[in-house]
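The next block is data.cif, given as mmCIF, N, CA and C atoms.
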data_my_file
#
loop_
_atom_site.group_PDB
_atom_site.id
_atom_site.type_symbol
_atom_site.label_atom_id
_atom_site.label_comp_id
_atom_site.auth_asym_id
_atom_site.auth_seq_id
_atom_site.Cartn_x
_atom_site.Cartn_y
_atom_site.Cartn_z
ATOM 1 N N MET J 887 -29.544 81.014 251.515
ATOM 2 C CA MET J 887 -29.488 80.038 252.575
ATOM 3 C C MET J 887 -29.975 80.701 253.856
ATOM 4 N N VAL J 888 -30.729 79.941 254.630
ATOM 5 C CA VAL J 888 -31.185 80.424 255.924
ATOM 6 C C VAL J 888 -30.734 79.454 257.008
ATOM 7 N N ALA J 889 -30.576 79.992 258.184
ATOM 8 C CA ALA J 889 -30.199 79.196 259.348
ATOM 9 C C ALA J 889 -30.791 79.862 260.581
ATOM 10 N N GLY J 890 -30.894 79.097 261.632
ATOM 11 C CA GLY J 890 -31.382 79.643 262.889
ATOM 12 C C GLY J 890 -32.805 79.218 263.166
ATOM 13 N N GLU J 891 -33.003 78.605 264.307
ATOM 14 C CA GLU J 891 -34.325 78.144 264.746
ATOM 15 C C GLU J 891 -34.967 77.148 263.783
ATOM 16 N N ILE J 892 -34.147 76.382 263.101
ATOM 17 C CA ILE J 892 -34.638 75.280 262.274
ATOM 18 C C ILE J 892 -34.491 74.027 263.125
ATOM 19 N N TRP J 893 -35.597 73.554 263.689
ATOM 20 C CA TRP J 893 -35.559 72.410 264.585
ATOM 21 C C TRP J 893 -36.262 71.194 264.007
ATOM 22 N N SER J 894 -37.324 71.396 263.280
ATOM 23 C CA SER J 894 -38.094 70.261 262.756
ATOM 24 C C SER J 894 -38.109 70.306 261.230
ATOM 25 N N GLY J 895 -38.584 69.221 260.654
ATOM 26 C CA GLY J 895 -38.750 69.198 259.200
ATOM 27 C C GLY J 895 -39.727 70.268 258.755
ATOM 28 N N ARG J 896 -40.746 70.508 259.565
ATOM 29 C CA ARG J 896 -41.723 71.558 259.247
ATOM 30 C C ARG J 896 -41.063 72.931 259.209
ATOM 31 N N ASP J 897 -40.141 73.176 260.135
ATOM 32 C CA ASP J 897 -39.410 74.448 260.130
ATOM 33 C C ASP J 897 -38.626 74.609 258.827
ATOM 34 N N ALA J 898 -37.986 73.538 258.406
ATOM 35 C CA ALA J 898 -37.204 73.578 257.167
ATOM 36 C C ALA J 898 -38.115 73.798 255.966
ATOM 37 N N GLU J 899 -39.222 73.090 255.928
ATOM 38 C CA GLU J 899 -40.174 73.254 254.821
ATOM 39 C C GLU J 899 -40.719 74.683 254.760
ATOM 40 N N LYS J 900 -41.024 75.244 255.914
ATOM 41 C CA LYS J 900 -41.547 76.608 255.957
ATOM 42 C C LYS J 900 -40.518 77.595 255.397
ATOM 43 N N ALA J 901 -39.260 77.416 255.753
ATOM 44 C CA ALA J 901 -38.211 78.299 255.244
ATOM 45 C C ALA J 901 -38.113 78.192 253.720
ATOM 46 N N LEU J 902 -38.226 76.979 253.204
ATOM 47 C CA LEU J 902 -38.179 76.785 251.751
ATOM 48 C C LEU J 902 -39.397 77.422 251.077
ATOM 49 N N GLN J 903 -40.560 77.312 251.711
ATOM 50 C CA GLN J 903 -41.770 77.912 251.153
ATOM 51 C C GLN J 903 -41.680 79.440 251.106
ATOM 52 N N PHE J 904 -40.935 80.009 252.055
ATOM 53 C CA PHE J 904 -40.762 81.456 252.078
ATOM 54 C C PHE J 904 -39.671 81.931 251.124
ATOM 55 N N GLY J 905 -39.068 81.005 250.381
ATOM 56 C CA GLY J 905 -38.140 81.400 249.342
ATOM 57 C C GLY J 905 -36.687 81.013 249.538
ATOM 58 N N ALA J 906 -36.361 80.378 250.645
ATOM 59 C CA ALA J 906 -34.971 79.952 250.834
ATOM 60 C C ALA J 906 -34.625 78.872 249.820
ATOM 61 N N ASP J 907 -33.420 78.913 249.315
ATOM 62 C CA ASP J 907 -32.939 77.881 248.401
ATOM 63 C C ASP J 907 -32.291 76.728 249.161
ATOM 64 N N LEU J 908 -31.813 77.031 250.359
ATOM 65 C CA LEU J 908 -31.070 76.058 251.144
ATOM 66 C C LEU J 908 -31.319 76.333 252.617
ATOM 67 N N VAL J 909 -31.420 75.282 253.398
ATOM 68 C CA VAL J 909 -31.628 75.399 254.838
ATOM 69 C C VAL J 909 -30.415 74.792 255.530
ATOM 70 N N ALA J 910 -29.850 75.526 256.475
ATOM 71 C CA ALA J 910 -28.684 75.056 257.218
ATOM 72 C C ALA J 910 -29.075 74.769 258.666
ATOM 73 N N LEU J 911 -28.474 73.741 259.206
ATOM 74 C CA LEU J 911 -28.701 73.384 260.605
ATOM 75 C C LEU J 911 -27.452 73.668 261.408
ATOM 76 N N GLY J 912 -27.661 74.053 262.636
ATOM 77 C CA GLY J 912 -26.548 74.258 263.552
ATOM 78 C C GLY J 912 -26.764 73.426 264.794
ATOM 79 N N LYS J 913 -27.349 74.053 265.807
ATOM 80 C CA LYS J 913 -27.526 73.395 267.094
ATOM 81 C C LYS J 913 -28.392 72.147 267.003
ATOM 82 N N ALA J 914 -29.381 72.140 266.141
ATOM 83 C CA ALA J 914 -30.231 70.947 266.001
ATOM 84 C C ALA J 914 -29.408 69.758 265.528
ATOM 85 N N ALA J 915 -28.502 69.986 264.601
ATOM 86 C CA ALA J 915 -27.689 68.893 264.070
ATOM 87 C C ALA J 915 -26.636 68.430 265.071
ATOM 88 N N ILE J 916 -26.203 69.326 265.940
ATOM 89 C CA ILE J 916 -25.227 68.932 266.961
ATOM 90 C C ILE J 916 -25.883 67.989 267.961
ATOM 91 N N GLY J 917 -27.056 68.364 268.421
ATOM 92 C CA GLY J 917 -27.730 67.565 269.440
ATOM 93 C C GLY J 917 -28.451 66.349 268.906
ATOM 94 N N ILE J 918 -28.774 66.366 267.613
ATOM 95 C CA ILE J 918 -29.535 65.272 267.010
ATOM 96 C C ILE J 918 -28.831 64.882 265.701
ATOM 97 N N PRO J 919 -27.782 64.067 265.789
ATOM 98 C CA PRO J 919 -26.986 63.781 264.598
ATOM 99 C C PRO J 919 -27.744 63.093 263.467
ATOM 100 N N ASP J 920 -28.826 62.400 263.774
ATOM 101 C CA ASP J 920 -29.610 61.759 262.718
ATOM 102 C C ASP J 920 -30.856 62.598 262.366
ATOM 103 N N TRP J 921 -30.742 63.901 262.537
ATOM 104 C CA TRP J 921 -31.832 64.834 262.268
ATOM 105 C C TRP J 921 -32.456 64.632 260.889
ATOM 106 N N PRO J 922 -31.696 64.515 259.810
ATOM 107 C CA PRO J 922 -32.316 64.385 258.482
ATOM 108 C C PRO J 922 -33.278 63.199 258.384
ATOM 109 N N THR J 923 -32.922 62.095 258.988
ATOM 110 C CA THR J 923 -33.798 60.922 258.954
ATOM 111 C C THR J 923 -35.042 61.158 259.803
ATOM 112 N N LYS J 924 -34.857 61.671 261.002
ATOM 113 C CA LYS J 924 -35.984 61.892 261.905
ATOM 114 C C LYS J 924 -36.923 62.980 261.394
ATOM 115 N N ALA J 925 -36.374 63.998 260.750
ATOM 116 C CA ALA J 925 -37.177 65.136 260.310
ATOM 117 C C ALA J 925 -38.157 64.778 259.196
ATOM 118 N N LYS J 926 -37.999 63.630 258.591
ATOM 119 C CA LYS J 926 -38.937 63.201 257.549
ATOM 120 C C LYS J 926 -40.319 62.913 258.120
ATOM 121 N N SER J 927 -40.368 62.609 259.406
ATOM 122 C CA SER J 927 -41.631 62.292 260.063
ATOM 123 C C SER J 927 -42.340 63.579 260.490
ATOM 124 N N ASP J 928 -43.620 63.695 260.143
ATOM 125 C CA ASP J 928 -44.389 64.888 260.500
ATOM 126 C C ASP J 928 -44.540 65.062 262.007
ATOM 127 N N ASP J 929 -44.466 63.986 262.763
ATOM 128 C CA ASP J 929 -44.650 64.097 264.207
ATOM 129 C C ASP J 929 -43.331 64.237 264.968
ATOM 130 N N PHE J 930 -42.231 64.435 264.258
ATOM 131 C CA PHE J 930 -40.925 64.612 264.898
ATOM 132 C C PHE J 930 -40.874 65.949 265.635
ATOM 133 N N MET J 931 -40.683 65.872 266.945
ATOM 134 C CA MET J 931 -40.528 67.051 267.777
ATOM 135 C C MET J 931 -39.183 66.929 268.488
ATOM 136 N N PRO J 932 -38.170 67.587 267.989
ATOM 137 C CA PRO J 932 -36.830 67.414 268.544
ATOM 138 C C PRO J 932 -36.690 68.014 269.934
ATOM 139 N N GLN J 933 -35.836 67.401 270.703
ATOM 140 C CA GLN J 933 -35.492 67.974 271.993
ATOM 141 C C GLN J 933 -34.564 69.156 271.737
ATOM 142 N N LYS J 934 -34.879 70.261 272.333
ATOM 143 C CA LYS J 934 -34.034 71.445 272.213
ATOM 144 C C LYS J 934 -33.102 71.520 273.416
ATOM 145 N N PRO J 935 -32.014 72.253 273.281
ATOM 146 C CA PRO J 935 -31.104 72.411 274.412
ATOM 147 C C PRO J 935 -31.816 73.025 275.607
ATOM 148 N N PRO J 936 -31.286 72.808 276.775
ATOM 149 C CA PRO J 936 -29.944 72.266 277.022
ATOM 150 C C PRO J 936 -29.919 70.738 276.925
ATOM 151 N N TYR J 937 -28.790 70.262 276.431
ATOM 152 C CA TYR J 937 -28.510 68.838 276.360
ATOM 153 C C TYR J 937 -27.587 68.483 277.518
ATOM 154 N N THR J 938 -27.660 67.257 277.963
ATOM 155 C CA THR J 938 -26.718 66.827 278.988
ATOM 156 C C THR J 938 -25.390 66.481 278.320
ATOM 157 N N GLU J 939 -24.361 66.495 279.118
ATOM 158 C CA GLU J 939 -23.053 66.102 278.606
ATOM 159 C C GLU J 939 -23.107 64.674 278.084
ATOM 160 N N ALA J 940 -23.835 63.806 278.780
ATOM 161 C CA ALA J 940 -23.963 62.400 278.353
ATOM 162 C C ALA J 940 -24.641 62.299 276.996
ATOM 163 N N GLN J 941 -25.677 63.110 276.756
ATOM 164 C CA GLN J 941 -26.355 63.081 275.454
ATOM 165 C C GLN J 941 -25.394 63.476 274.333
ATOM 166 N N LEU J 942 -24.607 64.491 274.568
ATOM 167 C CA LEU J 942 -23.685 64.960 273.532
ATOM 168 C C LEU J 942 -22.578 63.955 273.281
ATOM 169 N N LEU J 943 -22.079 63.342 274.335
ATOM 170 C CA LEU J 943 -21.053 62.311 274.152
ATOM 171 C C LEU J 943 -21.636 61.096 273.437
ATOM 172 N N ALA J 944 -22.892 60.758 273.723
ATOM 173 C CA ALA J 944 -23.558 59.640 273.040
ATOM 174 C C ALA J 944 -23.793 59.948 271.568
ATOM 175 N N ALA J 945 -23.816 61.236 271.208
ATOM 176 C CA ALA J 945 -23.964 61.647 269.811
ATOM 177 C C ALA J 945 -22.611 61.671 269.098
ATOM 178 N N ASP J 946 -21.617 61.063 269.734
ATOM 179 C CA ASP J 946 -20.258 60.932 269.185
ATOM 180 C C ASP J 946 -19.501 62.250 269.089
ATOM 181 N N LEU J 947 -19.837 63.196 269.946
ATOM 182 C CA LEU J 947 -19.067 64.429 270.002
ATOM 183 C C LEU J 947 -17.902 64.222 270.959
ATOM 184 N N SER J 948 -16.791 64.843 270.668
ATOM 185 C CA SER J 948 -15.623 64.650 271.521
ATOM 186 C C SER J 948 -15.796 65.383 272.841
ATOM 187 N N ALA J 949 -15.126 64.891 273.851
ATOM 188 C CA ALA J 949 -15.165 65.538 275.160
ATOM 189 C C ALA J 949 -14.633 66.969 275.058
ATOM 190 N N THR J 950 -13.668 67.191 274.187
ATOM 191 C CA THR J 950 -13.121 68.537 273.996
ATOM 192 C C THR J 950 -14.184 69.470 273.445
ATOM 193 N N PHE J 951 -14.939 69.011 272.452
ATOM 194 C CA PHE J 951 -15.993 69.838 271.860
ATOM 195 C C PHE J 951 -17.111 70.083 272.871
ATOM 196 N N VAL J 952 -17.473 69.058 273.625
ATOM 197 C CA VAL J 952 -18.508 69.221 274.648
ATOM 198 C C VAL J 952 -18.040 70.254 275.677
ATOM 199 N N GLY J 953 -16.780 70.197 276.050
ATOM 200 C CA GLY J 953 -16.239 71.186 276.976
ATOM 201 C C GLY J 953 -16.339 72.594 276.411
ATOM 202 N N TYR J 954 -16.056 72.735 275.138
ATOM 203 C CA TYR J 954 -16.177 74.044 274.474
ATOM 204 C C TYR J 954 -17.634 74.521 274.470
ATOM 205 N N MET J 955 -18.558 73.597 274.191
ATOM 206 C CA MET J 955 -19.973 73.976 274.127
ATOM 207 C C MET J 955 -20.537 74.355 275.491
ATOM 208 N N LYS J 956 -19.881 73.962 276.553
ATOM 209 C CA LYS J 956 -20.319 74.364 277.896
ATOM 210 C C LYS J 956 -20.254 75.879 278.062
ATOM 211 N N LYS J 957 -19.477 76.539 277.220
ATOM 212 C CA LYS J 957 -19.383 78.006 277.247
ATOM 213 C C LYS J 957 -20.567 78.664 276.560
ATOM 214 N N TRP J 958 -21.344 77.898 275.782
ATOM 215 C CA TRP J 958 -22.504 78.430 275.075
ATOM 216 C C TRP J 958 -23.660 78.554 276.057
ATOM 217 N N PRO J 959 -24.265 79.693 276.163
ATOM 218 C CA PRO J 959 -25.367 79.861 277.124
ATOM 219 C C PRO J 959 -26.508 78.862 276.866
ATOM 220 N N ASN J 960 -26.893 78.160 277.909
ATOM 221 C CA ASN J 960 -28.051 77.264 277.894
ATOM 222 C C ASN J 960 -27.964 76.127 276.870
ATOM 223 N N PHE J 961 -26.771 75.695 276.519
ATOM 224 C CA PHE J 961 -26.649 74.610 275.554
ATOM 225 C C PHE J 961 -26.343 73.277 276.241
ATOM 226 N N VAL J 962 -25.464 73.282 277.220
ATOM 227 C CA VAL J 962 -25.120 72.069 277.959
ATOM 228 C C VAL J 962 -25.633 72.242 279.386
ATOM 229 N N ALA J 963 -26.449 71.283 279.835
ATOM 230 C CA ALA J 963 -27.009 71.344 281.179
ATOM 231 C C ALA J 963 -25.911 71.165 282.218
ATOM 232 N N GLU J 964 -26.048 71.855 283.299
ATOM 233 C CA GLU J 964 -25.068 71.741 284.402
ATOM 234 C C GLU J 964 -25.255 70.460 285.147
#
Step by step, read the file and then write its structure as structure tokens.
Amino acid sequence: MVAGEIWSGRDAEKALQFGADLVALGKAAIGIPDWPTKAKSDDFMPQKPPYTEAQLLAADLSATFVGYMKKWPNFVAE
């Protein structure tokens, strides 16, 4: 399994082509909850962090979790 810097479907495909059996998402899935559906499109270019607090709350993340993520460098915009 590989993880890290997997933002687009192309990134995931490239990891699989290099021999990964499984691709894991972290920050991309937090900021883009419907990533699997969007990543099917070749022209999908995801927005990378920092995300606004409003974007994260709109992605159905709890205010507590958003508060915790504010401690992550460059993840939640001030």
Item to check | Residues selected by the PyMOL selection byres (((chain J and resi 891 and name CA) around 10) and name CA), written as a ChimeraX atom specification | outcome: /J:888-890,892-894,897-898,910-914
Selection from above, N, CA and C atoms, as an mmCIF file, in the frame of the given file, can you write it?
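Wrote out.cif, looks like this:
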data_model
loop_
_atom_site.group_PDB
_atom_site.id
_atom_site.type_symbol
_atom_site.label_atom_id
_atom_site.label_comp_id
_atom_site.auth_asym_id
_atom_site.auth_seq_id
_atom_site.Cartn_x
_atom_site.Cartn_y
_atom_site.Cartn_z
ATOM 1 N N VAL J 888 -30.729 79.941 254.630
ATOM 2 C CA VAL J 888 -31.185 80.424 255.924
ATOM 3 C C VAL J 888 -30.734 79.454 257.008
ATOM 4 N N ALA J 889 -30.576 79.992 258.184
ATOM 5 C CA ALA J 889 -30.199 79.196 259.348
ATOM 6 C C ALA J 889 -30.791 79.862 260.581
ATOM 7 N N GLY J 890 -30.894 79.097 261.632
ATOM 8 C CA GLY J 890 -31.382 79.643 262.889
ATOM 9 C C GLY J 890 -32.805 79.218 263.166
ATOM 10 N N ILE J 892 -34.147 76.382 263.101
ATOM 11 C CA ILE J 892 -34.638 75.280 262.274
ATOM 12 C C ILE J 892 -34.491 74.027 263.125
ATOM 13 N N TRP J 893 -35.597 73.554 263.689
ATOM 14 C CA TRP J 893 -35.559 72.410 264.585
ATOM 15 C C TRP J 893 -36.262 71.194 264.007
ATOM 16 N N SER J 894 -37.324 71.396 263.280
ATOM 17 C CA SER J 894 -38.094 70.261 262.756
ATOM 18 C C SER J 894 -38.109 70.306 261.230
ATOM 19 N N ASP J 897 -40.141 73.176 260.135
ATOM 20 C CA ASP J 897 -39.410 74.448 260.130
ATOM 21 C C ASP J 897 -38.626 74.609 258.827
ATOM 22 N N ALA J 898 -37.986 73.538 258.406
ATOM 23 C CA ALA J 898 -37.204 73.578 257.167
ATOM 24 C C ALA J 898 -38.115 73.798 255.966
ATOM 25 N N ALA J 910 -29.850 75.526 256.475
ATOM 26 C CA ALA J 910 -28.684 75.056 257.218
ATOM 27 C C ALA J 910 -29.075 74.769 258.666
ATOM 28 N N LEU J 911 -28.474 73.741 259.206
ATOM 29 C CA LEU J 911 -28.701 73.384 260.605
ATOM 30 C C LEU J 911 -27.452 73.668 261.408
ATOM 31 N N GLY J 912 -27.661 74.053 262.636
ATOM 32 C CA GLY J 912 -26.548 74.258 263.552
ATOM 33 C C GLY J 912 -26.764 73.426 264.794
ATOM 34 N N LYS J 913 -27.349 74.053 265.807
ATOM 35 C CA LYS J 913 -27.526 73.395 267.094
ATOM 36 C C LYS J 913 -28.392 72.147 267.003
ATOM 37 N N ALA J 914 -29.381 72.140 266.141
ATOM 38 C CA ALA J 914 -30.231 70.947 266.001
ATOM 39 C C ALA J 914 -29.408 69.758 265.528
#
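Reported to one decimal place, the separation of atom C of Ala901 of chain J from atom N of Ala945 of chain J is 28.2 Å.
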Item to check | Option closest in space to Met955 of chain J, from J:Gly895, J:Gly905, J:Gly917, J:Pro932 [counting only C-alpha atoms] | outcome: J:Gly917
Item to check | Separation of atom CA of Ala944 of chain J from atom CA of Ala915 of chain J, in Å and rounded to one decimal | outcome: 13.5 Å
Checklist entry - the PyMOL selection byres (((chain J and resi 924 and name CA) around 12) and name CA) on the file shown: which residues, as number ranges by chain? => result J: 893-896, 914-915, 918-923, 925-933
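The set of residues that the PyMOL selection byres (((chain J and resi 940 and name CA) around 12) and name CA) takes from this file is Gly917, Pro936, Tyr937, Thr938, Glu939, Gln941, Leu942, Leu943, Ala944, Ala945, Asp946, Leu947, Ser948, Ala949, Val952, Gly953, Val962, Ala963 and Glu964 of chain J.
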Resulting file, chosen residues, N, CA and C atoms, as a PDB file, keeping the file's coordinate frame:
ATOM      1  N   GLY J 917     -27.056  68.364 268.421  1.00  0.00           N
ATOM      2  CA  GLY J 917     -27.730  67.565 269.440  1.00  0.00           C
ATOM      3  C   GLY J 917     -28.451  66.349 268.906  1.00  0.00           C
ATOM      4  N   PRO J 936     -31.286  72.808 276.775  1.00  0.00           N
ATOM      5  CA  PRO J 936     -29.944  72.266 277.022  1.00  0.00           C
ATOM      6  C   PRO J 936     -29.919  70.738 276.925  1.00  0.00           C
ATOM      7  N   TYR J 937     -28.790  70.262 276.431  1.00  0.00           N
ATOM      8  CA  TYR J 937     -28.510  68.838 276.360  1.00  0.00           C
ATOM      9  C   TYR J 937     -27.587  68.483 277.518  1.00  0.00           C
ATOM     10  N   THR J 938     -27.660  67.257 277.963  1.00  0.00           N
ATOM     11  CA  THR J 938     -26.718  66.827 278.988  1.00  0.00           C
ATOM     12  C   THR J 938     -25.390  66.481 278.320  1.00  0.00           C
ATOM     13  N   GLU J 939     -24.361  66.495 279.118  1.00  0.00           N
ATOM     14  CA  GLU J 939     -23.053  66.102 278.606  1.00  0.00           C
ATOM     15  C   GLU J 939     -23.107  64.674 278.084  1.00  0.00           C
ATOM     16  N   GLN J 941     -25.677  63.110 276.756  1.00  0.00           N
ATOM     17  CA  GLN J 941     -26.355  63.081 275.454  1.00  0.00           C
ATOM     18  C   GLN J 941     -25.394  63.476 274.333  1.00  0.00           C
ATOM     19  N   LEU J 942     -24.607  64.491 274.568  1.00  0.00           N
ATOM     20  CA  LEU J 942     -23.685  64.960 273.532  1.00  0.00           C
ATOM     21  C   LEU J 942     -22.578  63.955 273.281  1.00  0.00           C
ATOM     22  N   LEU J 943     -22.079  63.342 274.335  1.00  0.00           N
ATOM     23  CA  LEU J 943     -21.053  62.311 274.152  1.00  0.00           C
ATOM     24  C   LEU J 943     -21.636  61.096 273.437  1.00  0.00           C
ATOM     25  N   ALA J 944     -22.892  60.758 273.723  1.00  0.00           N
ATOM     26  CA  ALA J 944     -23.558  59.640 273.040  1.00  0.00           C
ATOM     27  C   ALA J 944     -23.793  59.948 271.568  1.00  0.00           C
ATOM     28  N   ALA J 945     -23.816  61.236 271.208  1.00  0.00           N
ATOM     29  CA  ALA J 945     -23.964  61.647 269.811  1.00  0.00           C
ATOM     30  C   ALA J 945     -22.611  61.671 269.098  1.00  0.00           C
ATOM     31  N   ASP J 946     -21.617  61.063 269.734  1.00  0.00           N
ATOM     32  CA  ASP J 946     -20.258  60.932 269.185  1.00  0.00           C
ATOM     33  C   ASP J 946     -19.501  62.250 269.089  1.00  0.00           C
ATOM     34  N   LEU J 947     -19.837  63.196 269.946  1.00  0.00           N
ATOM     35  CA  LEU J 947     -19.067  64.429 270.002  1.00  0.00           C
ATOM     36  C   LEU J 947     -17.902  64.222 270.959  1.00  0.00           C
ATOM     37  N   SER J 948     -16.791  64.843 270.668  1.00  0.00           N
ATOM     38  CA  SER J 948     -15.623  64.650 271.521  1.00  0.00           C
ATOM     39  C   SER J 948     -15.796  65.383 272.841  1.00  0.00           C
ATOM     40  N   ALA J 949     -15.126  64.891 273.851  1.00  0.00           N
ATOM     41  CA  ALA J 949     -15.165  65.538 275.160  1.00  0.00           C
ATOM     42  C   ALA J 949     -14.633  66.969 275.058  1.00  0.00           C
ATOM     43  N   VAL J 952     -17.473  69.058 273.625  1.00  0.00           N
ATOM     44  CA  VAL J 952     -18.508  69.221 274.648  1.00  0.00           C
ATOM     45  C   VAL J 952     -18.040  70.254 275.677  1.00  0.00           C
ATOM     46  N   GLY J 953     -16.780  70.197 276.050  1.00  0.00           N
ATOM     47  CA  GLY J 953     -16.239  71.186 276.976  1.00  0.00           C
ATOM     48  C   GLY J 953     -16.339  72.594 276.411  1.00  0.00           C
ATOM     49  N   VAL J 962     -25.464  73.282 277.220  1.00  0.00           N
ATOM     50  CA  VAL J 962     -25.120  72.069 277.959  1.00  0.00           C
ATOM     51  C   VAL J 962     -25.633  72.242 279.386  1.00  0.00           C
ATOM     52  N   ALA J 963     -26.449  71.283 279.835  1.00  0.00           N
ATOM     53  CA  ALA J 963     -27.009  71.344 281.179  1.00  0.00           C
ATOM     54  C   ALA J 963     -25.911  71.165 282.218  1.00  0.00           C
ATOM     55  N   GLU J 964     -26.048  71.855 283.299  1.00  0.00           N
ATOM     56  CA  GLU J 964     -25.068  71.741 284.402  1.00  0.00           C
ATOM     57  C   GLU J 964     -25.255  70.460 285.147  1.00  0.00           C
TER      58      GLU J 964
END
Next on the checklist: Write out as a ChimeraX atom specification the set of residues from chain J that DSSP, computed on the backbone, places in helix (DSSP H, G or I).
Outcome noted: /J:895-903,913-917,921-924,939-944,949-955
